[in-house]
Amino acid sequence: MNSVSSPFITRRKFLFAAASIAASVPIRPALALATGEHRIRVAPGQARLTGPDGPRTPVWAYDGTVPGPTLRLRQGRPARIIVENGLGEDTTVHWHGIRLPNAMDGVPGLTQPPIRPGENFVYEFTPPDAGTFWYHPHADSLVQLGRGLAGALIVEEAEPVAVDRELLWLLQDWRLTKDGQIAAGFGNMMDAAMSGRVGNVVTVNGAPPADLTVKAGERVRLRLANASLARIMALRFEVHRPVIVAIDGQPCDPHEPEGGRLVLAPAMRIDVVLDMQGDPGKRYAVIDEFYDGLAYSLTTLAYDAGAPLRDHPLDAPLRLPANPLPAPDLAKAERHEIVLQGATCRLTMRNETAWWHPMHVHGFSLSVLSRNGSPVPHRQWQDTVLLAPKDTIECAFVADNPGDWMLHCHVADHQMAGLMTVFRVT
Ligand code: C2O
Ligand code: CU
Ligand code: CU
């Protein structure tokens, strides 16, 4: 069994405790809420995950929609979000990737008491970083996330970036029975010991993959978020050359992905800028080809037949404004090691298992230094770092935010099976 068991950081500042379906409905834009105060109700609901003619699936939902409403906050502006629990069990909301006060991190029993059925909890924080984040429960995570509880959280840059259009694809993976019910068997040994609960239906913003209508020449900022329990995705855009401008919400040097594929493990986000360089009237597939022999078309870019919006790609800079992340001083850093095998600031994570693990740190963004000894280019900051089997990753971060924080694998089965730990920053 994979586990991270022992305390691993001793720096002065640290104390350690402890198959998809094709359909022809358009991709729906995620519902958006305005800035300010938000109220979100968590309750059972229903969704049509296989299209308007498909069966209704009983789900658990934020404000009755799957995914939940897209929260739009402003960088550096206080936010207040009231969460009402209409479920029959405890819940919490975790604001994944946001650097916030520990008491707002949404981990029951660690940072707050659970929100009991019928009760409310008020989350208040000021997001320091602009970017693409998401929110999800941190109680009974495997079941609550698996039943649909997830939503995007977008923190807008103070100055908007120059694109023609912004799109969000919140990707979810479901294990459905033939009659469209969420399959039972959460947390079985097989899933926990292997890849986790990978499903058989993928949705984009809660709907089955469908055509996306685009215009030749337009520049789109596409925010991708993988809210799956366990499915890893590797997206390839036929003919197109997406440029990665942010990873896990944090701007990076604009670059094309290695091998042309955008790899998104559970909980990861990637922002790309996509210049629509295809021909008017043509169609180009977006293919998820992560699992050998199981490639499928996630969506199709369907070009409108009209004249291109412009002849040449937009001549505007791709780089996003930097976020106020504290830069680690590597000369003064101490080394710490996490080993993903019955044991466990410059942090080394070594995967000694035969499985992939998206390792997630709460409360901080990690500057990723190297993978298997080779420096990682493009100045990437990540809150979720995917470790392939046998990978070793070196990261660094400034431990400037006090509290007890979680570090865990975001494959929910692995987390439940013990691939998690808590670290204390004082
Ligand atoms: Cu996205 Cu501990 O979580
Ligand atoms: Cu998190
Ligand atoms: Cu894992």
# chains A, B, ... in the order shown; residues from 1 in each chain; ligands from 1

call {"tool": "residues_around", "arguments": {"residues": "Leu224 in chain A", "least_positions_apart": "3", "cutoff": "12 Å", "atoms": "only C-alpha atoms", "output": "PyMOL selection string"}}
result
chain A and resi 131-134+152-154+166-172+204-205+221+227+233-235+242+244-249+262-273

call {"tool": "residues_around", "arguments": {"residues": "Gly403 in chain A", "least_positions_apart": "4", "cutoff": "6 Å", "atoms": "only C-alpha atoms", "output": "list in words"}}
result
Asn102, Arg424 and Val425 of chain A

call {"tool": "residues_near_ligand", "arguments": {"ligand": "ligand 2", "cutoff": "9 Å", "atoms": "only C-alpha atoms and all ligand atoms", "output": "list in words"}}
result
His94, Trp95, His96, Gly97, Ile98, Asp105, Gly106, Trp134, Tyr135, His136, His138, Ala267, His360, Val361, His362, Gly363, Phe364, Asp383, Thr384, Met406, Leu407, His408 and His410 of chain A

call {"tool": "write_last_selection", "arguments": {"atoms": "N, CA, C and O atoms", "output": "compact mmCIF listing (two decimals), in the first residue's frame"}}
result
# COMPACT_ATOMS: atom_id res chain seq x y z
N HIS A 94 -12.92 23.06 0.43
CA HIS A 94 -11.50 23.39 0.34
C HIS A 94 -11.30 24.19 -0.94
O HIS A 94 -11.81 23.82 -2.00
N TRP A 95 -10.57 25.30 -0.83
CA TRP A 95 -10.34 26.22 -1.97
C TRP A 95 -8.99 25.85 -2.53
O TRP A 95 -7.97 26.42 -2.15
N HIS A 96 -9.01 24.88 -3.42
CA HIS A 96 -7.78 24.21 -3.85
C HIS A 96 -6.82 25.15 -4.58
O HIS A 96 -7.16 25.70 -5.63
N GLY A 97 -5.63 25.29 -4.00
CA GLY A 97 -4.58 26.09 -4.63
C GLY A 97 -4.49 27.52 -4.14
O GLY A 97 -3.52 28.21 -4.43
N ILE A 98 -5.52 27.97 -3.41
CA ILE A 98 -5.50 29.36 -2.93
C ILE A 98 -4.61 29.44 -1.69
O ILE A 98 -4.73 28.61 -0.78
N ASP A 105 -9.04 26.82 5.24
CA ASP A 105 -8.57 25.82 4.27
C ASP A 105 -9.55 24.64 4.08
O ASP A 105 -9.39 23.87 3.15
N GLY A 106 -10.50 24.53 4.98
CA GLY A 106 -11.58 23.56 4.75
C GLY A 106 -11.27 22.10 5.02
O GLY A 106 -11.91 21.23 4.43
N TRP A 134 -9.87 25.78 -7.95
CA TRP A 134 -11.17 25.10 -7.90
C TRP A 134 -11.53 24.81 -6.45
O TRP A 134 -10.70 24.98 -5.56
N TYR A 135 -12.76 24.42 -6.24
CA TYR A 135 -13.19 24.13 -4.88
C TYR A 135 -13.88 22.78 -4.85
O TYR A 135 -14.49 22.34 -5.82
N HIS A 136 -13.75 22.13 -3.71
CA HIS A 136 -14.33 20.78 -3.55
C HIS A 136 -14.40 20.45 -2.08
O HIS A 136 -13.75 21.11 -1.26
N HIS A 138 -13.71 18.45 1.48
CA HIS A 138 -12.57 17.72 2.03
C HIS A 138 -13.04 16.78 3.13
O HIS A 138 -12.29 16.42 4.03
N ALA A 267 -6.88 17.30 -10.09
CA ALA A 267 -6.68 18.54 -9.33
C ALA A 267 -5.80 19.56 -10.04
O ALA A 267 -5.71 20.70 -9.61
N HIS A 360 -0.35 16.78 -3.78
CA HIS A 360 -0.87 18.13 -3.59
C HIS A 360 -0.51 18.67 -2.21
O HIS A 360 -0.69 17.98 -1.22
N VAL A 361 -0.04 19.89 -2.20
CA VAL A 361 0.27 20.58 -0.94
C VAL A 361 -0.75 21.69 -0.72
O VAL A 361 -1.00 22.49 -1.63
N HIS A 362 -1.34 21.72 0.45
CA HIS A 362 -2.28 22.79 0.79
C HIS A 362 -1.51 24.06 1.20
O HIS A 362 -0.43 23.97 1.78
N GLY A 363 -2.09 25.19 0.91
CA GLY A 363 -1.61 26.44 1.48
C GLY A 363 -0.41 27.09 0.80
O GLY A 363 -0.09 28.23 1.08
N PHE A 364 0.27 26.37 -0.07
CA PHE A 364 1.49 26.89 -0.68
C PHE A 364 1.53 26.52 -2.16
O PHE A 364 0.91 25.55 -2.58
N ASP A 383 0.77 23.51 -7.20
CA ASP A 383 0.30 22.99 -5.91
C ASP A 383 0.05 21.50 -6.01
O ASP A 383 -0.16 20.84 -5.00
N THR A 384 0.03 20.99 -7.23
CA THR A 384 -0.20 19.56 -7.45
C THR A 384 0.85 19.09 -8.44
O THR A 384 0.89 19.56 -9.58
N MET A 406 -2.18 20.07 4.90
CA MET A 406 -2.15 18.71 4.37
C MET A 406 -1.25 18.60 3.16
O MET A 406 -1.09 19.55 2.39
N LEU A 407 -0.71 17.42 3.00
CA LEU A 407 0.02 17.06 1.79
C LEU A 407 -0.49 15.66 1.47
O LEU A 407 -0.42 14.77 2.31
N HIS A 408 -1.04 15.50 0.29
CA HIS A 408 -1.62 14.18 -0.02
C HIS A 408 -1.66 13.94 -1.51
O HIS A 408 -1.56 14.87 -2.32
N HIS A 410 -3.79 13.34 -4.74
CA HIS A 410 -5.15 13.76 -5.08
C HIS A 410 -5.96 12.68 -5.76
O HIS A 410 -7.12 12.89 -6.13

call {"tool": "closest_residue", "arguments": {"among": "A:Gln250, A:Ser374, A:Asn188, A:Asn351", "to": "ligand 3", "atoms": "only C-alpha atoms and all ligand atoms"}}
result
A:Asn351

call {"tool": "closest_atom_pairs", "arguments": {"of": "chain A", "to": "ligand 3", "cutoff": "9 Å", "atoms": "only C-alpha atoms and all ligand atoms", "output": "tab-separated table"}}
result
residue	atom	partner	partner_atom_place_in_ligand_line	distance
A:Asn2	CA	ligand 3	1 (Cu)	7.6
A:Ala192	CA	ligand 3	1 (Cu)	8.7
A:Met194	CA	ligand 3	1 (Cu)	8.6
A:Ser195	CA	ligand 3	1 (Cu)	7.5
A:Gly196	CA	ligand 3	1 (Cu)	7.6
A:Ala230	CA	ligand 3	1 (Cu)	8.4
A:Leu340	CA	ligand 3	1 (Cu)	9.0
A:Trp355	CA	ligand 3	1 (Cu)	6.9
A:Trp356	CA	ligand 3	1 (Cu)	5.9
A:His357	CA	ligand 3	1 (Cu)	3.6
A:Pro358	CA	ligand 3	1 (Cu)	6.1
A:Met359	CA	ligand 3	1 (Cu)	7.1
A:Leu387	CA	ligand 3	1 (Cu)	8.7
A:His408	CA	ligand 3	1 (Cu)	8.0
A:Cys409	CA	ligand 3	1 (Cu)	4.6
A:His410	CA	ligand 3	1 (Cu)	6.3
A:Val411	CA	ligand 3	1 (Cu)	4.9
A:Ala412	CA	ligand 3	1 (Cu)	7.6
A:Asp413	CA	ligand 3	1 (Cu)	7.5
A:His414	CA	ligand 3	1 (Cu)	4.7
A:Gln415	CA	ligand 3	1 (Cu)	6.8
A:Leu419	CA	ligand 3	1 (Cu)	6.7

call {"tool": "residues_around", "arguments": {"residues": "Leu325 in chain A", "least_positions_apart": "3", "cutoff": "10 Å", "atoms": "only C-alpha atoms", "output": "mmCIF file with N, CA, C and O atoms, in the first residue's frame"}}
result
data_model
loop_
_atom_site.group_PDB
_atom_site.id
_atom_site.type_symbol
_atom_site.label_atom_id
_atom_site.label_comp_id
_atom_site.auth_asym_id
_atom_site.auth_seq_id
_atom_site.Cartn_x
_atom_site.Cartn_y
_atom_site.Cartn_z
ATOM 1 N N ARG A 99 -3.744 30.412 -1.649
ATOM 2 C CA ARG A 99 -2.929 30.654 -0.457
ATOM 3 C C ARG A 99 -3.775 31.509 0.488
ATOM 4 O O ARG A 99 -4.058 32.668 0.204
ATOM 5 N N PRO A 128 -4.472 36.112 -2.816
ATOM 6 C CA PRO A 128 -3.318 36.923 -3.215
ATOM 7 C C PRO A 128 -2.934 36.727 -4.681
ATOM 8 O O PRO A 128 -2.310 37.606 -5.273
ATOM 9 N N ASP A 129 -3.296 35.574 -5.227
ATOM 10 C CA ASP A 129 -2.845 35.229 -6.576
ATOM 11 C C ASP A 129 -4.026 35.188 -7.537
ATOM 12 O O ASP A 129 -5.074 34.636 -7.218
ATOM 13 N N GLN A 250 -0.690 29.455 -11.441
ATOM 14 C CA GLN A 250 0.466 30.338 -11.375
ATOM 15 C C GLN A 250 1.088 30.536 -12.770
ATOM 16 O O GLN A 250 1.422 29.558 -13.447
ATOM 17 N N ALA A 322 2.903 38.510 -13.156
ATOM 18 C CA ALA A 322 3.381 37.633 -12.081
ATOM 19 C C ALA A 322 2.501 37.762 -10.845
ATOM 20 O O ALA A 322 1.932 38.812 -10.577
ATOM 21 N N PRO A 328 11.867 31.216 -3.085
ATOM 22 C CA PRO A 328 12.700 30.460 -2.148
ATOM 23 C C PRO A 328 14.179 30.815 -2.317
ATOM 24 O O PRO A 328 14.654 30.975 -3.444
ATOM 25 N N PHE A 364 0.267 26.367 -0.069
ATOM 26 C CA PHE A 364 1.487 26.889 -0.684
ATOM 27 C C PHE A 364 1.528 26.519 -2.162
ATOM 28 O O PHE A 364 0.911 25.554 -2.577
ATOM 29 N N SER A 365 2.301 27.289 -2.914
ATOM 30 C CA SER A 365 2.656 26.858 -4.262
ATOM 31 C C SER A 365 4.116 26.470 -4.213
ATOM 32 O O SER A 365 4.928 27.155 -3.593
ATOM 33 N N LEU A 366 4.441 25.379 -4.854
ATOM 34 C CA LEU A 366 5.813 24.879 -4.833
ATOM 35 C C LEU A 366 6.524 25.303 -6.107
ATOM 36 O O LEU A 366 5.983 25.154 -7.202
ATOM 37 N N SER A 367 7.726 25.778 -5.950
ATOM 38 C CA SER A 367 8.542 26.035 -7.123
ATOM 39 C C SER A 367 9.183 24.692 -7.482
ATOM 40 O O SER A 367 9.887 24.104 -6.669
ATOM 41 N N TRP A 381 5.389 26.906 -10.995
ATOM 42 C CA TRP A 381 4.940 26.812 -9.608
ATOM 43 C C TRP A 381 3.723 25.907 -9.632
ATOM 44 O O TRP A 381 2.832 26.102 -10.450
ATOM 45 N N PHE A 397 9.766 25.820 -1.392
ATOM 46 C CA PHE A 397 8.750 26.833 -1.105
ATOM 47 C C PHE A 397 9.118 27.548 0.175
ATOM 48 O O PHE A 397 9.913 27.056 0.967
ATOM 49 N N VAL A 398 8.563 28.741 0.338
ATOM 50 C CA VAL A 398 8.802 29.525 1.547
ATOM 51 C C VAL A 398 7.662 29.234 2.520
ATOM 52 O O VAL A 398 6.497 29.459 2.205
#

call {"tool": "residues_around", "arguments": {"residues": "Thr177 in chain A", "least_positions_apart": "5", "cutoff": "10 Å", "atoms": "only C-alpha atoms", "output": "PyMOL selection string"}}
result
chain A and resi 57+182-184+200-201

call {"tool": "select_by_dssp", "arguments": {"residues": "range 169-204 of chain A", "states": "strand (DSSP E)", "output": "PyMOL selection string"}}
result
chain A and resi 169-174+201-204

call {"tool": "closest_residue", "arguments": {"among": "A:Gln380, A:Thr348, A:Asn226, A:Ser370", "to": "ligand 1", "atoms": "only C-alpha atoms and all ligand atoms"}}
result
A:Asn226

call {"tool": "atom_distance", "arguments": {"atom1": "CA of Arg197 in chain A", "atom2": "CA of Asp173 in chain A"}}
result
9.2 Å

call {"tool": "residues_around", "arguments": {"residues": "His240 in chain A", "least_positions_apart": "6", "cutoff": "8 Å", "atoms": "only C-alpha atoms", "output": "list in words"}}
result
Leu274, Asp275, Met276, Gln277 and Gly278 of chain A

call {"tool": "residues_around", "arguments": {"residues": "Ala139 in chain A", "least_positions_apart": "4", "cutoff": "7 Å", "atoms": "only C-alpha atoms", "output": "MDAnalysis selection string"}}
result
chainID A and resid 90:92 108

call {"tool": "write_last_selection", "arguments": {"atoms": "N, CA and C atoms", "output": "PDB file, in the first residue's frame"}}
result
ATOM      1  N   ASP A  90     -21.678  15.264   7.040  1.00  0.00           N
ATOM      2  CA  ASP A  90     -20.781  16.408   7.205  1.00  0.00           C
ATOM      3  C   ASP A  90     -20.097  16.760   5.886  1.00  0.00           C
ATOM      4  N   THR A  91     -19.791  18.021   5.709  1.00  0.00           N
ATOM      5  CA  THR A  91     -18.984  18.419   4.571  1.00  0.00           C
ATOM      6  C   THR A  91     -18.099  19.608   4.970  1.00  0.00           C
ATOM      7  N   THR A  92     -17.259  20.046   4.042  1.00  0.00           N
ATOM      8  CA  THR A  92     -16.485  21.293   4.159  1.00  0.00           C
ATOM      9  C   THR A  92     -16.185  21.690   2.729  1.00  0.00           C
ATOM     10  N   PRO A 108     -11.719  19.285   7.606  1.00  0.00           N
ATOM     11  CA  PRO A 108     -12.432  19.035   8.860  1.00  0.00           C
ATOM     12  C   PRO A 108     -11.531  18.338   9.874  1.00  0.00           C
TER      13      PRO A 108
END

call {"tool": "residues_around", "arguments": {"residues": "Val243 in chain A", "least_positions_apart": "6", "cutoff": "12 Å", "atoms": "only C-alpha atoms", "output": "PyMOL selection string"}}
result
chain A and resi 219-223+236-237+251-258+260-262+270-276+317-320+378

call {"tool": "decode", "arguments": {"residues": "range 155-183 of chain A", "atoms": "N, CA, C and O atoms", "output": "PDB file, in the first residue's frame"}}
result
ATOM      1  N   VAL A 155      -9.707  33.507 -10.050  1.00  0.00           N
ATOM      2  CA  VAL A 155      -9.309  34.794  -9.483  1.00  0.00           C
ATOM      3  C   VAL A 155      -8.802  35.623 -10.649  1.00  0.00           C
ATOM      4  O   VAL A 155      -7.838  35.261 -11.326  1.00  0.00           O
ATOM      5  N   GLU A 156      -9.504  36.721 -10.894  1.00  0.00           N
ATOM      6  CA  GLU A 156      -9.200  37.525 -12.077  1.00  0.00           C
ATOM      7  C   GLU A 156      -8.001  38.428 -11.852  1.00  0.00           C
ATOM      8  O   GLU A 156      -7.840  39.008 -10.783  1.00  0.00           O
ATOM      9  N   GLU A 157      -7.181  38.559 -12.882  1.00  0.00           N
ATOM     10  CA  GLU A 157      -6.072  39.504 -12.857  1.00  0.00           C
ATOM     11  C   GLU A 157      -6.641  40.920 -12.723  1.00  0.00           C
ATOM     12  O   GLU A 157      -7.735  41.197 -13.228  1.00  0.00           O
ATOM     13  N   ALA A 158      -5.858  41.792 -12.097  1.00  0.00           N
ATOM     14  CA  ALA A 158      -6.298  43.183 -11.960  1.00  0.00           C
ATOM     15  C   ALA A 158      -6.526  43.796 -13.341  1.00  0.00           C
ATOM     16  O   ALA A 158      -7.478  44.535 -13.570  1.00  0.00           O
ATOM     17  N   GLU A 159      -5.626  43.481 -14.282  1.00  0.00           N
ATOM     18  CA  GLU A 159      -5.768  43.965 -15.660  1.00  0.00           C
ATOM     19  C   GLU A 159      -6.082  42.753 -16.526  1.00  0.00           C
ATOM     20  O   GLU A 159      -5.317  41.795 -16.516  1.00  0.00           O
ATOM     21  N   PRO A 160      -7.148  42.791 -17.293  1.00  0.00           N
ATOM     22  CA  PRO A 160      -7.453  41.624 -18.120  1.00  0.00           C
ATOM     23  C   PRO A 160      -6.383  41.395 -19.193  1.00  0.00           C
ATOM     24  O   PRO A 160      -5.732  42.341 -19.631  1.00  0.00           O
ATOM     25  N   VAL A 161      -6.183  40.126 -19.578  1.00  0.00           N
ATOM     26  CA  VAL A 161      -5.184  39.848 -20.612  1.00  0.00           C
ATOM     27  C   VAL A 161      -5.864  39.894 -21.978  1.00  0.00           C
ATOM     28  O   VAL A 161      -7.065  39.685 -22.102  1.00  0.00           O
ATOM     29  N   ALA A 162      -5.041  40.183 -23.005  1.00  0.00           N
ATOM     30  CA  ALA A 162      -5.602  40.423 -24.333  1.00  0.00           C
ATOM     31  C   ALA A 162      -5.917  39.132 -25.075  1.00  0.00           C
ATOM     32  O   ALA A 162      -5.041  38.523 -25.698  1.00  0.00           O
ATOM     33  N   VAL A 163      -7.144  38.688 -24.971  1.00  0.00           N
ATOM     34  CA  VAL A 163      -7.611  37.543 -25.764  1.00  0.00           C
ATOM     35  C   VAL A 163      -8.997  37.890 -26.288  1.00  0.00           C
ATOM     36  O   VAL A 163      -9.639  38.816 -25.790  1.00  0.00           O
ATOM     37  N   ASP A 164      -9.447  37.156 -27.299  1.00  0.00           N
ATOM     38  CA  ASP A 164     -10.780  37.435 -27.831  1.00  0.00           C
ATOM     39  C   ASP A 164     -11.870  36.820 -26.965  1.00  0.00           C
ATOM     40  O   ASP A 164     -12.981  37.313 -26.894  1.00  0.00           O
ATOM     41  N   ARG A 165     -11.507  35.697 -26.327  1.00  0.00           N
ATOM     42  CA  ARG A 165     -12.519  34.956 -25.598  1.00  0.00           C
ATOM     43  C   ARG A 165     -11.844  34.149 -24.514  1.00  0.00           C
ATOM     44  O   ARG A 165     -10.703  33.719 -24.668  1.00  0.00           O
ATOM     45  N   GLU A 166     -12.562  33.945 -23.423  1.00  0.00           N
ATOM     46  CA  GLU A 166     -12.037  33.085 -22.375  1.00  0.00           C
ATOM     47  C   GLU A 166     -12.988  31.913 -22.203  1.00  0.00           C
ATOM     48  O   GLU A 166     -14.199  32.089 -22.183  1.00  0.00           O
ATOM     49  N   LEU A 167     -12.419  30.717 -22.118  1.00  0.00           N
ATOM     50  CA  LEU A 167     -13.246  29.525 -21.936  1.00  0.00           C
ATOM     51  C   LEU A 167     -12.732  28.737 -20.741  1.00  0.00           C
ATOM     52  O   LEU A 167     -11.543  28.794 -20.416  1.00  0.00           O
ATOM     53  N   LEU A 168     -13.628  28.011 -20.121  1.00  0.00           N
ATOM     54  CA  LEU A 168     -13.264  27.148 -19.005  1.00  0.00           C
ATOM     55  C   LEU A 168     -13.789  25.751 -19.306  1.00  0.00           C
ATOM     56  O   LEU A 168     -14.948  25.598 -19.698  1.00  0.00           O
ATOM     57  N   TRP A 169     -12.925  24.765 -19.174  1.00  0.00           N
ATOM     58  CA  TRP A 169     -13.387  23.380 -19.253  1.00  0.00           C
ATOM     59  C   TRP A 169     -13.108  22.732 -17.907  1.00  0.00           C
ATOM     60  O   TRP A 169     -11.949  22.438 -17.595  1.00  0.00           O
ATOM     61  N   LEU A 170     -14.137  22.530 -17.142  1.00  0.00           N
ATOM     62  CA  LEU A 170     -13.978  21.785 -15.901  1.00  0.00           C
ATOM     63  C   LEU A 170     -14.291  20.323 -16.228  1.00  0.00           C
ATOM     64  O   LEU A 170     -15.398  19.987 -16.631  1.00  0.00           O
ATOM     65  N   LEU A 171     -13.265  19.505 -16.128  1.00  0.00           N
ATOM     66  CA  LEU A 171     -13.352  18.113 -16.575  1.00  0.00           C
ATOM     67  C   LEU A 171     -13.647  17.198 -15.392  1.00  0.00           C
ATOM     68  O   LEU A 171     -13.005  17.295 -14.351  1.00  0.00           O
ATOM     69  N   GLN A 172     -14.646  16.344 -15.561  1.00  0.00           N
ATOM     70  CA  GLN A 172     -14.983  15.381 -14.516  1.00  0.00           C
ATOM     71  C   GLN A 172     -15.125  14.002 -15.127  1.00  0.00           C
ATOM     72  O   GLN A 172     -15.497  13.860 -16.291  1.00  0.00           O
ATOM     73  N   ASP A 173     -14.842  13.019 -14.317  1.00  0.00           N
ATOM     74  CA  ASP A 173     -14.878  11.629 -14.763  1.00  0.00           C
ATOM     75  C   ASP A 173     -15.829  10.884 -13.835  1.00  0.00           C
ATOM     76  O   ASP A 173     -15.754  11.043 -12.619  1.00  0.00           O
ATOM     77  N   TRP A 174     -16.718  10.116 -14.421  1.00  0.00           N
ATOM     78  CA  TRP A 174     -17.780   9.469 -13.647  1.00  0.00           C
ATOM     79  C   TRP A 174     -17.770   7.979 -13.911  1.00  0.00           C
ATOM     80  O   TRP A 174     -17.566   7.557 -15.047  1.00  0.00           O
ATOM     81  N   ARG A 175     -18.052   7.203 -12.894  1.00  0.00           N
ATOM     82  CA  ARG A 175     -18.256   5.768 -13.124  1.00  0.00           C
ATOM     83  C   ARG A 175     -19.758   5.535 -13.027  1.00  0.00           C
ATOM     84  O   ARG A 175     -20.331   5.542 -11.943  1.00  0.00           O
ATOM     85  N   LEU A 176     -20.368   5.392 -14.217  1.00  0.00           N
ATOM     86  CA  LEU A 176     -21.829   5.262 -14.269  1.00  0.00           C
ATOM     87  C   LEU A 176     -22.229   3.845 -14.657  1.00  0.00           C
ATOM     88  O   LEU A 176     -21.539   3.170 -15.423  1.00  0.00           O
ATOM     89  N   THR A 177     -23.363   3.424 -14.140  1.00  0.00           N
ATOM     90  CA  THR A 177     -23.942   2.142 -14.546  1.00  0.00           C
ATOM     91  C   THR A 177     -24.687   2.368 -15.865  1.00  0.00           C
ATOM     92  O   THR A 177     -24.846   3.505 -16.310  1.00  0.00           O
ATOM     93  N   LYS A 178     -25.184   1.257 -16.468  1.00  0.00           N
ATOM     94  CA  LYS A 178     -25.870   1.381 -17.766  1.00  0.00           C
ATOM     95  C   LYS A 178     -27.078   2.302 -17.704  1.00  0.00           C
ATOM     96  O   LYS A 178     -27.392   2.998 -18.656  1.00  0.00           O
ATOM     97  N   ASP A 179     -27.764   2.322 -16.548  1.00  0.00           N
ATOM     98  CA  ASP A 179     -28.936   3.196 -16.454  1.00  0.00           C
ATOM     99  C   ASP A 179     -28.584   4.591 -15.927  1.00  0.00           C
ATOM    100  O   ASP A 179     -29.447   5.341 -15.494  1.00  0.00           O
ATOM    101  N   GLY A 180     -27.296   4.920 -15.976  1.00  0.00           N
ATOM    102  CA  GLY A 180     -26.906   6.295 -15.662  1.00  0.00           C
ATOM    103  C   GLY A 180     -26.802   6.619 -14.181  1.00  0.00           C
ATOM    104  O   GLY A 180     -26.758   7.793 -13.807  1.00  0.00           O
ATOM    105  N   GLN A 181     -26.741   5.598 -13.333  1.00  0.00           N
ATOM    106  CA  GLN A 181     -26.568   5.862 -11.907  1.00  0.00           C
ATOM    107  C   GLN A 181     -25.078   5.838 -11.573  1.00  0.00           C
ATOM    108  O   GLN A 181     -24.300   5.150 -12.238  1.00  0.00           O
ATOM    109  N   ILE A 182     -24.704   6.585 -10.552  1.00  0.00           N
ATOM    110  CA  ILE A 182     -23.318   6.543 -10.121  1.00  0.00           C
ATOM    111  C   ILE A 182     -23.062   5.170  -9.497  1.00  0.00           C
ATOM    112  O   ILE A 182     -23.788   4.745  -8.598  1.00  0.00           O
ATOM    113  N   ALA A 183     -22.062   4.474 -10.030  1.00  0.00           N
ATOM    114  CA  ALA A 183     -21.807   3.107  -9.584  1.00  0.00           C
ATOM    115  C   ALA A 183     -21.409   3.085  -8.114  1.00  0.00           C
ATOM    116  O   ALA A 183     -20.708   3.974  -7.625  1.00  0.00           O
TER     117      ALA A 183
END
